[in-house]
Amino acid sequence: MQKPARRQRSALTIHDVARYAGVSPMTVSRVINGEKNVRESTREAVNAAIRDLNYQPNPAARSLAGADLIRIGLLYSNPSSAYLSEFLVGGLDQCSRSNIQLVVEKCDEEHAEDAAARLVSQGVDGIILPPPLCDAPQVLKTLAASHTPAVAVATGRPPADVSAVRIDDFEAAHAMTRHLVGLGHRRIGFIKGHPNQTASQQRLEGYLAGLAEAGVASDPALVVQGYFTYRSGLDGAEQLLALSDPPTAIFASNDDMAAATVAAAHRRGLDVPRDLTVVGYDDSALATTVWPELTTIRQPIADMSREAVTLLADEIRSRRSGEKPQHPHALQAFTLIQRQSDGPPRKR
């Protein structure tokens with residue numbers, strides 16, 4: 001196929017690059033913005049066209065493939081400021097790379113449905129739902145009724161008609177419990193996450209599976225309720241440490257509650273980890289600001305937020321071009337990070 005003659009650089013558009021490369025303008029935009037969901041052969045063809053035509057992208061051109069600027073809402077009701085900080089870092093970074101405007105709306109769970117409707121009325125093209133709102137049925141119902149695409153982040157059971165980004169919470173908690181058993185612990189306390197989040201149950205089930213795998217009988221007294229807040233971590237740790245036969249290790253379902261457990265241990269004159277091992281979950285900034293630094297499960301919060309932005313932008317562009325949207329469920333990898341808060345149980 002004969003390719004068009006070069007235009008002057010000032011007259012070139014993203015459509016010229018698309019025709020030259022034999023792809024759609026949307027694909028050119030994805031390559032320019034550095035998005036990952038492009039075949040390598042296609043990426044090379046687009047980059048070759050850009051070089052051949054001496055095309056220099058500009059902000060206006062970046063938005064042409066999506067017709068208009070994309071506005072994404074982030075609806076947030078998580079009590080952990082450390083989690084929010086990580087989430088915003090990833091989301092804002094990906095939005096700046098992709099010419100996307102991010103609108104952040106803070107709400108409490110009681111008024112989350114109204115907040116979602118307000119974002120829709122303000123003209124956002126889609127909404128990202130971090131926990132706990134990823135599991136809020138009324139919020140999801142409100143968005144579905146208004147035909148507003150959404151991405152649920154860190155849900156334990158992603159709905160089939162909603163895109164999602166998560167890790168395997170069951171396997172992550174299973175791995176941490178296996179690690180504690182490998183250190184020699186048999187009395188392992190567990191502080192559960194908030195019951196309004198499906199991931200909390202997955203983490204509990206992973207903990208129980210790790211005990212069963214090692215032939216360690218589970219003790220209901222060693223499992224206490226938390227709510228992902230520092231205060232609930234203090235209460236849960238005090239309850240566990242007050243037992244006549246207290247645990248030698250405590251696994252908290254997030255770093256906020258693990259940090260509170262360290263504080264409760266210090267208040268009782270216990271050394272961590274010599275007298276008590278404490279481990280957490282998330283690997284938020286808090287994990288390395290407490291002493292001793294926490295052994296924890298690294299949930300790639302910032303990367304999950306980045307992927308949520310990408311999935312949502314792809315669905316919005318698909319809808320604008322008349323394509324039937326897909327609802328992928330992306331599974332990211334977790335990592336067990338060992339620091340200074342764990343060790344073998346002290347001999348009694």
# chains A, B, ... in the order shown; residues from 1 in each chain; ligands from 1
$ residues_around --residues "stretch 266-279 of chain A" --least-positions-apart "3" --cutoff "6 Å" --atoms "only C-alpha atoms" --output "number ranges by chain"
A: 248-251, 263, 295-296, 341-343, 346
$ residues_around --residues "A:Ser41" --least-positions-apart "6" --cutoff "12 Å" --atoms "only C-alpha atoms" --output "list in words"
Ala21, Val23, Val31, Asn47 and Ala48 of chain A
$ write_last_selection --atoms "N, CA, C and O atoms" --output "short mmCIF file (atom, residue, chain, number, x, y, z; two decimals), in the first residue's frame"
data_model
loop_
_atom_site.label_atom_id
_atom_site.label_comp_id
_atom_site.auth_asym_id
_atom_site.auth_seq_id
_atom_site.Cartn_x
_atom_site.Cartn_y
_atom_site.Cartn_z
N ALA A 21 0.86 3.94 9.90
CA ALA A 21 1.20 2.67 10.58
C ALA A 21 0.17 1.59 10.34
O ALA A 21 0.41 0.42 10.66
N VAL A 23 -2.91 1.46 11.77
CA VAL A 23 -3.59 1.16 13.04
C VAL A 23 -4.61 2.26 13.32
O VAL A 23 -4.75 3.21 12.55
N VAL A 31 0.34 4.01 22.48
CA VAL A 31 1.79 3.91 22.35
C VAL A 31 2.45 5.19 22.84
O VAL A 31 3.44 5.16 23.60
N ASN A 47 5.96 3.42 16.46
CA ASN A 47 7.18 4.20 16.71
C ASN A 47 7.94 4.46 15.42
O ASN A 47 8.53 5.54 15.23
N ALA A 48 7.92 3.48 14.52
CA ALA A 48 8.59 3.68 13.22
C ALA A 48 7.88 4.76 12.41
O ALA A 48 8.53 5.60 11.76
#
$ select_by_dssp --residues "stretch 158-328 of chain A" --states "strand (DSSP E)" --output "ChimeraX atom specification"
/A:163-166,188-191,223-224,249-252,277-282,295-298
$ closest_residue --among "A:His111, A:Arg30, A:Arg203, A:Lys347" --to "A:Ala154" --atoms "only C-alpha atoms"
A:Arg203
$ closest_residue --among "A:Ser81, A:Asn196, A:Ser29, A:Gln239" --to "A:Asp256" --atoms "only C-alpha atoms"
A:Ser81
$ residues_around --residues "A:Phe228" --least-positions-apart "6" --cutoff "7 Å" --atoms "only C-alpha atoms" --output "number ranges by chain"
A: 193-194, 254, 256-257
$ write_last_selection --atoms "N, CA and C atoms" --output "PDB file, in the first residue's frame"
ATOM      1  N   GLY A 193      -9.533  -8.348  59.422  1.00  0.00           N
ATOM      2  CA  GLY A 193      -9.873  -7.072  58.817  1.00  0.00           C
ATOM      3  C   GLY A 193     -11.363  -6.795  58.945  1.00  0.00           C
ATOM      4  N   HIS A 194     -11.765  -5.641  58.465  1.00  0.00           N
ATOM      5  CA  HIS A 194     -13.163  -5.216  58.583  1.00  0.00           C
ATOM      6  C   HIS A 194     -14.093  -6.213  57.885  1.00  0.00           C
ATOM      7  N   ASN A 254      -3.579  -5.757  58.467  1.00  0.00           N
ATOM      8  CA  ASN A 254      -2.950  -4.653  57.739  1.00  0.00           C
ATOM      9  C   ASN A 254      -1.863  -4.034  58.609  1.00  0.00           C
ATOM     10  N   ASP A 256      -1.460  -0.949  59.690  1.00  0.00           N
ATOM     11  CA  ASP A 256      -1.926  -0.079  60.768  1.00  0.00           C
ATOM     12  C   ASP A 256      -2.161  -0.881  62.045  1.00  0.00           C
ATOM     13  N   MET A 257      -2.817  -2.020  61.924  1.00  0.00           N
ATOM     14  CA  MET A 257      -3.099  -2.842  63.093  1.00  0.00           C
ATOM     15  C   MET A 257      -1.837  -3.536  63.594  1.00  0.00           C
TER      16      MET A 257
END
$ residues_around --residues "A:Gly206" --least-positions-apart "3" --cutoff "12 Å" --atoms "only C-alpha atoms" --output "list in words"
Asp168, Asp169, Phe170, Glu171, Ala172, Ala173, His174, Ala175, Met176, Thr177, Arg178, Phe190, Lys192, Ala199, Ser200, Gln201, Gln202, Arg203, Ala209, Gly210, Leu211, Ala212, Glu213, Phe251 and Ser253 of chain A
